[in-house]
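Below is the file data-v6.cif, which contains mmCIF, C-alpha atoms and all ligand atoms.
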data_input
loop_
_atom_site.group_PDB
_atom_site.id
_atom_site.type_symbol
_atom_site.label_atom_id
_atom_site.label_comp_id
_atom_site.auth_asym_id
_atom_site.auth_seq_id
_atom_site.Cartn_x
_atom_site.Cartn_y
_atom_site.Cartn_z
ATOM 1 C CA MET A 1 -152.212 41.114 25.007
ATOM 2 C CA THR A 2 -150.554 38.711 22.622
ATOM 3 C CA VAL A 3 -148.520 35.527 22.947
ATOM 4 C CA PHE A 4 -145.925 35.130 20.182
ATOM 5 C CA VAL A 5 -144.548 31.747 19.120
ATOM 6 C CA ASP A 6 -141.373 31.313 17.085
ATOM 7 C CA ASP A 7 -138.657 28.740 16.365
ATOM 8 C CA ALA A 8 -134.904 28.745 15.820
ATOM 9 C CA GLY A 9 -132.580 26.118 14.447
ATOM 10 C CA SER A 10 -134.920 24.283 12.077
ATOM 11 C CA GLY A 11 -132.651 25.165 9.147
ATOM 12 C CA ASP A 12 -129.428 24.451 11.038
ATOM 13 C CA LEU A 13 -127.532 21.211 10.869
ATOM 14 C CA LEU A 14 -126.738 21.073 14.573
ATOM 15 C CA PHE A 15 -129.071 20.262 17.439
ATOM 16 C CA GLY A 16 -132.855 20.049 17.556
ATOM 17 C CA VAL A 17 -135.195 23.010 17.176
ATOM 18 C CA VAL A 18 -135.937 25.615 19.826
ATOM 19 C CA VAL A 19 -139.612 26.549 20.129
ATOM 20 C CA GLY A 20 -140.271 29.626 22.247
ATOM 21 C CA ALA A 21 -143.272 31.640 23.418
ATOM 22 C CA TYR A 22 -143.143 35.255 24.532
ATOM 23 C CA ARG A 23 -145.656 37.705 25.976
ATOM 24 C CA GLU A 24 -144.478 41.261 25.503
ATOM 25 C CA GLU A 25 -146.702 42.868 28.133
ATOM 26 C CA THR A 26 -145.257 40.752 30.927
ATOM 27 C CA SER A 27 -141.842 39.986 29.372
ATOM 28 C CA GLU A 28 -142.418 36.288 30.031
ATOM 29 C CA PHE A 29 -140.478 33.886 27.862
ATOM 30 C CA LYS A 30 -140.534 30.089 27.863
ATOM 31 C CA TYR A 31 -139.025 27.617 25.497
ATOM 32 C CA ASP A 32 -138.663 23.921 24.866
ATOM 33 C CA ILE A 33 -136.854 21.774 22.325
ATOM 34 C CA ILE A 34 -137.913 19.476 19.521
ATOM 35 C CA ASP A 35 -135.337 16.791 20.158
ATOM 36 C CA VAL A 36 -132.809 16.216 17.401
ATOM 37 C CA ARG A 37 -133.873 12.551 17.133
ATOM 38 C CA PHE A 38 -136.983 13.742 15.260
ATOM 39 C CA TYR A 39 -134.536 14.848 12.567
ATOM 40 C CA GLN A 40 -132.676 11.569 12.420
ATOM 41 C CA GLU A 41 -133.832 8.033 11.521
ATOM 42 C CA ASN A 42 -137.521 8.769 11.038
ATOM 43 C CA PHE A 43 -137.236 12.256 9.636
ATOM 44 C CA ARG A 44 -139.367 11.385 6.602
ATOM 45 C CA GLU A 45 -142.344 10.548 8.809
ATOM 46 C CA LYS A 46 -142.470 14.198 9.884
ATOM 47 C CA GLN A 47 -143.146 13.349 13.527
ATOM 48 C CA TYR A 48 -141.435 16.645 14.377
ATOM 49 C CA LEU A 49 -144.635 18.433 13.303
ATOM 50 C CA LYS A 50 -146.616 16.648 16.015
ATOM 51 C CA GLU A 51 -143.855 17.187 18.543
ATOM 52 C CA SER A 52 -143.783 20.873 17.621
ATOM 53 C CA SER A 53 -147.534 21.030 18.167
ATOM 54 C CA ARG A 54 -147.268 19.272 21.530
ATOM 55 C CA ILE A 55 -144.634 21.768 22.692
ATOM 56 C CA VAL A 56 -146.526 24.817 21.397
ATOM 57 C CA ASN A 57 -149.681 23.672 23.180
ATOM 58 C CA LYS A 58 -147.829 23.232 26.434
ATOM 59 C CA LEU A 59 -146.022 26.594 26.184
ATOM 60 C CA VAL A 60 -149.147 28.541 25.270
ATOM 61 C CA SER A 61 -151.306 26.922 27.946
ATOM 62 C CA ASP A 62 -148.594 27.718 30.529
ATOM 63 C CA PHE A 63 -149.209 31.376 29.696
ATOM 64 C CA ASN A 64 -152.859 30.852 30.543
ATOM 65 C CA PRO A 65 -154.061 33.241 27.793
ATOM 66 C CA LYS A 66 -156.916 35.593 28.651
ATOM 67 C CA PRO A 67 -160.128 35.059 26.631
ATOM 68 C CA ASP A 68 -159.381 38.088 24.436
ATOM 69 C CA GLU A 69 -155.666 37.415 24.082
ATOM 70 C CA ALA A 70 -154.322 36.748 20.581
ATOM 71 C CA ILE A 71 -151.776 34.079 19.690
ATOM 72 C CA HIS A 72 -149.376 34.949 16.878
ATOM 73 C CA ILE A 73 -147.449 31.980 15.553
ATOM 74 C CA CYS A 74 -144.642 32.023 12.994
ATOM 75 C CA GLN A 75 -145.500 31.152 9.374
ATOM 76 C CA GLY A 76 -142.790 28.493 9.144
ATOM 77 C CA CYS A 77 -144.122 25.080 8.073
ATOM 78 C CA ILE A 78 -142.783 23.618 11.313
ATOM 79 C CA PHE A 79 -145.899 25.126 12.928
ATOM 80 C CA ASP A 80 -148.498 23.946 10.383
ATOM 81 C CA VAL A 81 -149.896 21.276 12.688
ATOM 82 C CA ALA A 82 -149.420 23.416 15.798
ATOM 83 C CA ALA A 83 -151.380 26.361 14.348
ATOM 84 C CA GLU A 84 -154.254 24.080 13.401
ATOM 85 C CA GLU A 85 -154.357 22.623 16.907
ATOM 86 C CA LEU A 86 -154.243 26.078 18.488
ATOM 87 C CA ARG A 87 -157.199 27.156 16.362
ATOM 88 C CA LYS A 88 -159.195 24.184 17.608
ATOM 89 C CA ILE A 89 -158.437 25.126 21.209
ATOM 90 C CA TYR A 90 -158.532 28.937 21.140
ATOM 91 C CA GLY A 91 -160.695 29.608 18.086
ATOM 92 C CA GLU A 92 -159.986 30.671 14.507
ATOM 93 C CA ASP A 93 -160.020 34.399 15.273
ATOM 94 C CA ARG A 94 -157.414 34.376 17.985
ATOM 95 C CA VAL A 95 -154.675 32.475 16.172
ATOM 96 C CA LYS A 96 -152.736 34.277 13.439
ATOM 97 C CA ARG A 97 -149.814 33.090 11.283
ATOM 98 C CA VAL A 98 -147.320 35.958 11.188
ATOM 99 C CA LYS A 99 -143.704 36.744 10.460
ATOM 100 C CA VAL A 100 -142.363 36.893 13.991
ATOM 101 C CA VAL A 101 -139.767 39.618 14.583
ATOM 102 C CA GLY A 102 -138.406 41.692 17.455
ATOM 103 C CA GLU A 103 -137.946 40.454 20.986
ATOM 104 C CA THR A 104 -139.549 37.030 20.454
ATOM 105 C CA GLN A 105 -137.234 36.274 17.557
ATOM 106 C CA ARG A 106 -134.225 37.547 19.505
ATOM 107 C CA LEU A 107 -134.963 35.422 22.576
ATOM 108 C CA VAL A 108 -135.622 32.256 20.599
ATOM 109 C CA GLU A 109 -132.414 32.799 18.664
ATOM 110 C CA ILE A 110 -130.400 33.317 21.858
ATOM 111 C CA ALA A 111 -131.848 30.112 23.294
ATOM 112 C CA TYR A 112 -130.743 28.181 20.207
ATOM 113 C CA LEU A 113 -127.249 29.717 20.276
ATOM 114 C CA ASP A 114 -126.909 28.796 23.967
ATOM 115 C CA GLU A 115 -127.856 25.226 23.184
ATOM 116 C CA ILE A 116 -125.309 24.787 20.393
ATOM 117 C CA ARG A 117 -122.593 26.500 22.447
ATOM 118 C CA ASN A 118 -123.330 23.951 25.167
ATOM 119 C CA LEU A 119 -122.281 21.299 22.660
ATOM 120 C CA GLY A 120 -118.933 23.060 22.386
ATOM 121 C CA TYR A 121 -119.644 24.572 18.982
ATOM 122 C CA GLU A 122 -119.052 28.287 18.392
ATOM 123 C CA PRO A 123 -121.459 29.528 15.698
ATOM 124 C CA LEU A 124 -120.445 31.938 12.937
ATOM 125 C CA THR A 125 -121.526 35.492 13.699
ATOM 126 C CA GLU A 126 -123.246 35.711 10.317
ATOM 127 C CA ARG A 127 -125.059 32.376 10.770
ATOM 128 C CA GLU A 128 -128.477 33.836 9.918
ATOM 129 C CA GLU A 129 -127.442 35.718 6.772
ATOM 130 C CA LYS A 130 -125.051 33.122 5.400
ATOM 131 C CA ARG A 131 -126.928 29.855 5.654
ATOM 132 C CA GLY A 132 -124.673 27.978 3.248
ATOM 133 C CA LYS A 133 -121.491 29.102 4.925
ATOM 134 C CA SER A 134 -122.866 28.180 8.326
ATOM 135 C CA PHE A 135 -123.901 24.729 7.076
ATOM 136 C CA PHE A 136 -120.356 23.923 5.930
ATOM 137 C CA HIS A 137 -118.899 25.398 9.113
ATOM 138 C CA MET A 138 -121.066 23.032 11.174
ATOM 139 C CA MET A 139 -120.254 20.140 8.851
ATOM 140 C CA ARG A 140 -116.500 20.674 9.215
ATOM 141 C CA TRP A 141 -116.902 20.773 12.985
ATOM 142 C CA LEU A 142 -118.755 17.439 12.861
ATOM 143 C CA LYS A 143 -116.048 15.962 10.657
ATOM 144 C CA ASP A 144 -113.501 16.746 13.383
ATOM 145 C CA LYS A 145 -115.828 15.454 16.098
ATOM 146 C CA PRO A 146 -117.723 12.511 14.621
ATOM 147 C CA GLU A 147 -118.958 11.553 18.099
ATOM 148 C CA MET A 148 -121.092 14.717 17.912
ATOM 149 C CA LEU A 149 -123.004 13.433 14.878
ATOM 150 C CA ARG A 150 -125.641 12.302 17.353
ATOM 151 C CA TYR A 151 -126.503 15.980 17.782
ATOM 152 C CA ALA A 152 -126.918 16.598 14.039
ATOM 153 C CA LYS A 153 -130.027 16.492 11.864
ATOM 154 C CA THR A 154 -128.594 13.523 10.001
ATOM 155 C CA GLY A 155 -131.974 12.497 8.583
ATOM 156 C CA TRP A 156 -132.144 15.399 6.115
ATOM 157 C CA PRO A 157 -132.400 13.736 2.681
ATOM 158 C CA ARG A 158 -129.985 16.181 1.013
ATOM 159 C CA LEU A 159 -127.174 15.032 3.330
ATOM 160 C CA LYS A 160 -126.906 11.704 1.529
ATOM 161 C CA ASN A 161 -124.663 13.455 -1.003
ATOM 162 C CA TYR A 162 -121.944 13.975 1.600
ATOM 163 C CA ASN A 163 -119.589 11.183 2.669
ATOM 164 C CA LEU A 164 -119.900 12.169 6.309
ATOM 165 C CA PHE A 165 -123.627 11.422 6.343
ATOM 166 C CA GLN A 166 -123.924 8.504 3.950
ATOM 167 C CA LYS A 167 -124.085 5.914 6.709
ATOM 168 C CA PHE A 168 -127.292 7.584 7.918
ATOM 169 C CA HIS A 169 -128.857 7.030 4.495
ATOM 170 C CA PRO A 170 -128.324 3.333 3.815
ATOM 171 C CA GLU A 171 -131.078 3.390 1.172
ATOM 172 C CA SER A 172 -128.881 5.596 -0.987
ATOM 173 C CA VAL A 173 -125.702 3.516 -0.782
ATOM 174 C CA PHE A 174 -125.147 0.936 -3.531
ATOM 175 C CA LYS A 175 -122.762 -2.012 -3.593
ATOM 176 C CA ALA A 176 -120.452 -2.188 -6.598
ATOM 177 C CA VAL A 177 -117.232 -3.796 -7.792
ATOM 178 C CA CYS A 178 -114.299 -1.554 -8.669
ATOM 179 C CA SER A 179 -113.518 -1.592 -12.390
ATOM 180 C CA ASP A 180 -109.781 -1.331 -11.650
ATOM 181 C CA CYS A 181 -108.937 -3.498 -8.683
ATOM 182 C CA ALA A 182 -112.167 -5.556 -8.436
ATOM 183 C CA ALA A 183 -112.566 -4.671 -4.774
ATOM 184 C CA GLU A 184 -116.083 -4.454 -3.372
ATOM 185 C CA CYS A 185 -117.057 -0.859 -2.699
ATOM 186 C CA GLU A 186 -120.021 1.360 -1.987
ATOM 187 C CA VAL A 187 -121.140 4.280 -4.122
ATOM 188 C CA PRO A 188 -123.849 6.895 -3.529
ATOM 189 C CA PHE A 189 -125.567 6.238 -6.890
ATOM 190 C CA GLN A 190 -127.092 3.342 -8.807
ATOM 191 C CA PRO A 191 -124.173 1.792 -10.758
ATOM 192 C CA ARG A 192 -124.695 1.501 -14.504
ATOM 193 C CA PRO A 193 -123.327 -1.500 -16.382
ATOM 194 C CA ASP A 194 -121.942 0.690 -19.186
ATOM 195 C CA ARG A 195 -119.993 2.982 -16.869
ATOM 196 C CA PRO A 196 -116.845 2.151 -14.872
ATOM 197 C CA ILE A 197 -117.042 2.250 -11.066
ATOM 198 C CA TYR A 198 -113.974 2.933 -8.934
ATOM 199 C CA CYS A 199 -113.326 2.323 -5.283
ATOM 200 C CA LYS A 200 -112.012 5.222 -3.185
ATOM 201 C CA LYS A 201 -108.386 4.169 -3.714
ATOM 202 C CA CYS A 202 -108.657 3.871 -7.497
ATOM 203 C CA TRP A 203 -110.841 6.945 -7.898
ATOM 204 C CA ILE A 204 -107.761 9.102 -7.163
ATOM 205 C CA ASN A 205 -106.274 7.918 -10.477
ATOM 206 C CA HIS A 206 -109.440 8.678 -12.396
ATOM 207 C CA ARG A 207 -110.877 11.867 -10.988
ATOM 208 C CA PRO A 208 -110.931 14.917 -13.270
ATOM 209 C CA GLN A 209 -107.703 16.919 -13.239
ATOM 210 C CA ARG A 210 -109.218 20.234 -12.174
ATOM 211 C CA ARG A 211 -110.334 18.748 -8.881
ATOM 212 C CA SER A 212 -106.837 17.817 -7.802
ATOM 213 C CA THR A 213 -105.356 21.214 -8.674
ATOM 214 C CA LYS A 214 -108.000 22.988 -6.623
ATOM 215 C CA LYS A 215 -106.785 21.331 -3.467
ATOM 216 C CA ILE A 216 -103.381 23.062 -3.511
ATOM 217 C CA LYS A 217 -104.962 26.378 -2.527
ATOM 218 C CA ARG A 218 -104.709 26.982 1.218
HETATM 219 ZN ZN ZN B 1 -110.250 -0.134 -6.870
#

Can the structure from this file be put into structure tokens for me?
Ligand SMILES: [Zn+2]
Amino acid sequence: MTVFVDDAGSGDLLFGVVVGAYREETSEFKYDIIDVRFYQENFREKQYLKESSRIVNKLVSDFNPKPDEAIHICQGCIFDVAAEELRKIYGEDRVKRVKVVGETQRLVEIAYLDEIRNLGYEPLTEREEKRGKSFFHMMRWLKDKPEMLRYAKTGWPRLKNYNLFQKFHPESVFKAVCSDCAAECEVPFQPRPDRPIYCKKCWINHRPQRRSTKKIKR
């Protein structure tokens, strides 16, 4: 017998991460969630790795694995700490890092989709294949419902490049004075003394032409 462990949602902007365990022989499936707050303020401290390990331990021990039962855990780095802990508990030989497919993957995925639908968000059908498209779909949804930002992985460093998420990355916002109207403003880059800085209002008069023509397309 084998217990499989997989995750869903770690690459998705919305919600925390679903961690699930499945035993094929008995069709038992259990899951828990790495809360989205691990992907917010203190994301850089990588506490989600410990939380992932805590959840995996709990799920696997709930299955009460037989002494000869193997534990196959997904290769994703979200399980790096968890796999190490499992090896300490169950022994090197019984714990394998694998690419989890089939029923385990399907069930974990369904659990994640249920969770984001509970937020009121309807995922794209091609979410898995079109990561980029799905990211912007989720981002647009959050733009319309800013109160739902508390369910987003706002701590991801790459989000600091988007207006919607800048307030979650105060370390990457710089104070400046607009070169046109002298108003105080904030920009997402270190201002240089030899380059003009414009506030949002004045930027409209200075942005490259091609950007404004692109907007006409509907
Ligand atoms: Zn200005």

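Among A:Leu119, A:Cys77, A:Leu86, A:Leu124, the residue with the shortest atom-to-atom distance to A:Lys99, counting all atoms listed in the file, is A:Cys77.
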
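If you look at atom CA of A:Lys130 and atom CA of A:Lys167, they are 27.3 Å away from each other.
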
> Residues at most 9 Å from A:Glu28, counting only C-alpha atoms, excluding those fewer than 6 positions away in the same chain, as a ChimeraX atom specification?
Replying inline: /A:21-22,63

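Using all atoms listed in the file for every distance, the candidate list A:Val101, A:Ser27, A:Phe189, A:Lys50 yields A:Val101 as the residue closest to A:Val5.
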
> Any idea what the distance is between atom CA of A:Leu13 and atom CA of A:Val187?
Replying inline: 23.5 Å

> What do you get, as a PyMOL selection string, if you spell out every residue that the PyMOL selection byres (((chain A and resi 52-57) around 10) and not hetatm) selects here?
Replying inline: chain A and resi 5-7+17-21+31-35+47-51+58-62+73+78-86+89

Next, write the just-selected residues to a file, as a PDB file, in the coordinates of the input, keeping C-alpha atoms as the atom set.
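Saved result, part08.pdb, follows:
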ATOM      1  CA  VAL A   5    -144.548  31.747  19.120  1.00  0.00           C
ATOM      2  CA  ASP A   6    -141.373  31.313  17.085  1.00  0.00           C
ATOM      3  CA  ASP A   7    -138.657  28.740  16.365  1.00  0.00           C
ATOM      4  CA  VAL A  17    -135.195  23.010  17.176  1.00  0.00           C
ATOM      5  CA  VAL A  18    -135.937  25.615  19.826  1.00  0.00           C
ATOM      6  CA  VAL A  19    -139.612  26.549  20.129  1.00  0.00           C
ATOM      7  CA  GLY A  20    -140.271  29.626  22.247  1.00  0.00           C
ATOM      8  CA  ALA A  21    -143.272  31.640  23.418  1.00  0.00           C
ATOM      9  CA  TYR A  31    -139.025  27.617  25.497  1.00  0.00           C
ATOM     10  CA  ASP A  32    -138.663  23.921  24.866  1.00  0.00           C
ATOM     11  CA  ILE A  33    -136.854  21.774  22.325  1.00  0.00           C
ATOM     12  CA  ILE A  34    -137.913  19.476  19.521  1.00  0.00           C
ATOM     13  CA  ASP A  35    -135.337  16.791  20.158  1.00  0.00           C
ATOM     14  CA  GLN A  47    -143.146  13.349  13.527  1.00  0.00           C
ATOM     15  CA  TYR A  48    -141.435  16.645  14.377  1.00  0.00           C
ATOM     16  CA  LEU A  49    -144.635  18.433  13.303  1.00  0.00           C
ATOM     17  CA  LYS A  50    -146.616  16.648  16.015  1.00  0.00           C
ATOM     18  CA  GLU A  51    -143.855  17.187  18.543  1.00  0.00           C
ATOM     19  CA  LYS A  58    -147.829  23.232  26.434  1.00  0.00           C
ATOM     20  CA  LEU A  59    -146.022  26.594  26.184  1.00  0.00           C
ATOM     21  CA  VAL A  60    -149.147  28.541  25.270  1.00  0.00           C
ATOM     22  CA  SER A  61    -151.306  26.922  27.946  1.00  0.00           C
ATOM     23  CA  ASP A  62    -148.594  27.718  30.529  1.00  0.00           C
ATOM     24  CA  ILE A  73    -147.449  31.980  15.553  1.00  0.00           C
ATOM     25  CA  ILE A  78    -142.783  23.618  11.313  1.00  0.00           C
ATOM     26  CA  PHE A  79    -145.899  25.126  12.928  1.00  0.00           C
ATOM     27  CA  ASP A  80    -148.498  23.946  10.383  1.00  0.00           C
ATOM     28  CA  VAL A  81    -149.896  21.276  12.688  1.00  0.00           C
ATOM     29  CA  ALA A  82    -149.420  23.416  15.798  1.00  0.00           C
ATOM     30  CA  ALA A  83    -151.380  26.361  14.348  1.00  0.00           C
ATOM     31  CA  GLU A  84    -154.254  24.080  13.401  1.00  0.00           C
ATOM     32  CA  GLU A  85    -154.357  22.623  16.907  1.00  0.00           C
ATOM     33  CA  LEU A  86    -154.243  26.078  18.488  1.00  0.00           C
ATOM     34  CA  ILE A  89    -158.437  25.126  21.209  1.00  0.00           C
TER      35      ILE A  89
END

> Which residues sit within 6 Å of ligand ZN 1 (chain B), counting all atoms listed in the file, listed as a ChimeraX atom specification?
Replying inline: /A:178,180-183,198-199,201-202

Next, dump the selected residues to file, keeping only C-alpha atoms, as a short mmCIF file (atom, residue, chain, number, x, y, z; two decimals), in the frame of the given file.
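Output file out.cif is given in full below:
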data_model
loop_
_atom_site.label_atom_id
_atom_site.label_comp_id
_atom_site.auth_asym_id
_atom_site.auth_seq_id
_atom_site.Cartn_x
_atom_site.Cartn_y
_atom_site.Cartn_z
CA CYS A 178 -114.30 -1.55 -8.67
CA ASP A 180 -109.78 -1.33 -11.65
CA CYS A 181 -108.94 -3.50 -8.68
CA ALA A 182 -112.17 -5.56 -8.44
CA ALA A 183 -112.57 -4.67 -4.77
CA TYR A 198 -113.97 2.93 -8.93
CA CYS A 199 -113.33 2.32 -5.28
CA LYS A 201 -108.39 4.17 -3.71
CA CYS A 202 -108.66 3.87 -7.50
#

> Which neighbours of stretch 8-12 of chain A fall inside 9 Å, counting all atoms listed in the file, when residues of the same chain fewer than 3 positions from it are skipped, and could you give them as an MDAnalysis selection string?
Replying inline: chainID A and resid 15:20 78 105 108:113 131 134:135 138 152:153

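Take the candidates A:Arg207, A:Val177, A:Leu149, A:Lys160 and check each one against A:Pro193 using only C-alpha atoms; the shortest distance goes to A:Val177.
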
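Put simply, atom CA of A:Ile116 is 17.6 Å away from atom CA of A:Glu129.
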
>> Please determine, counting only C-alpha atoms, which residue among A:Asn118, A:Glu24, A:Arg195, A:Pro188 has the shortest atom-to-atom distance to A:Glu103.
In response: A:Glu24
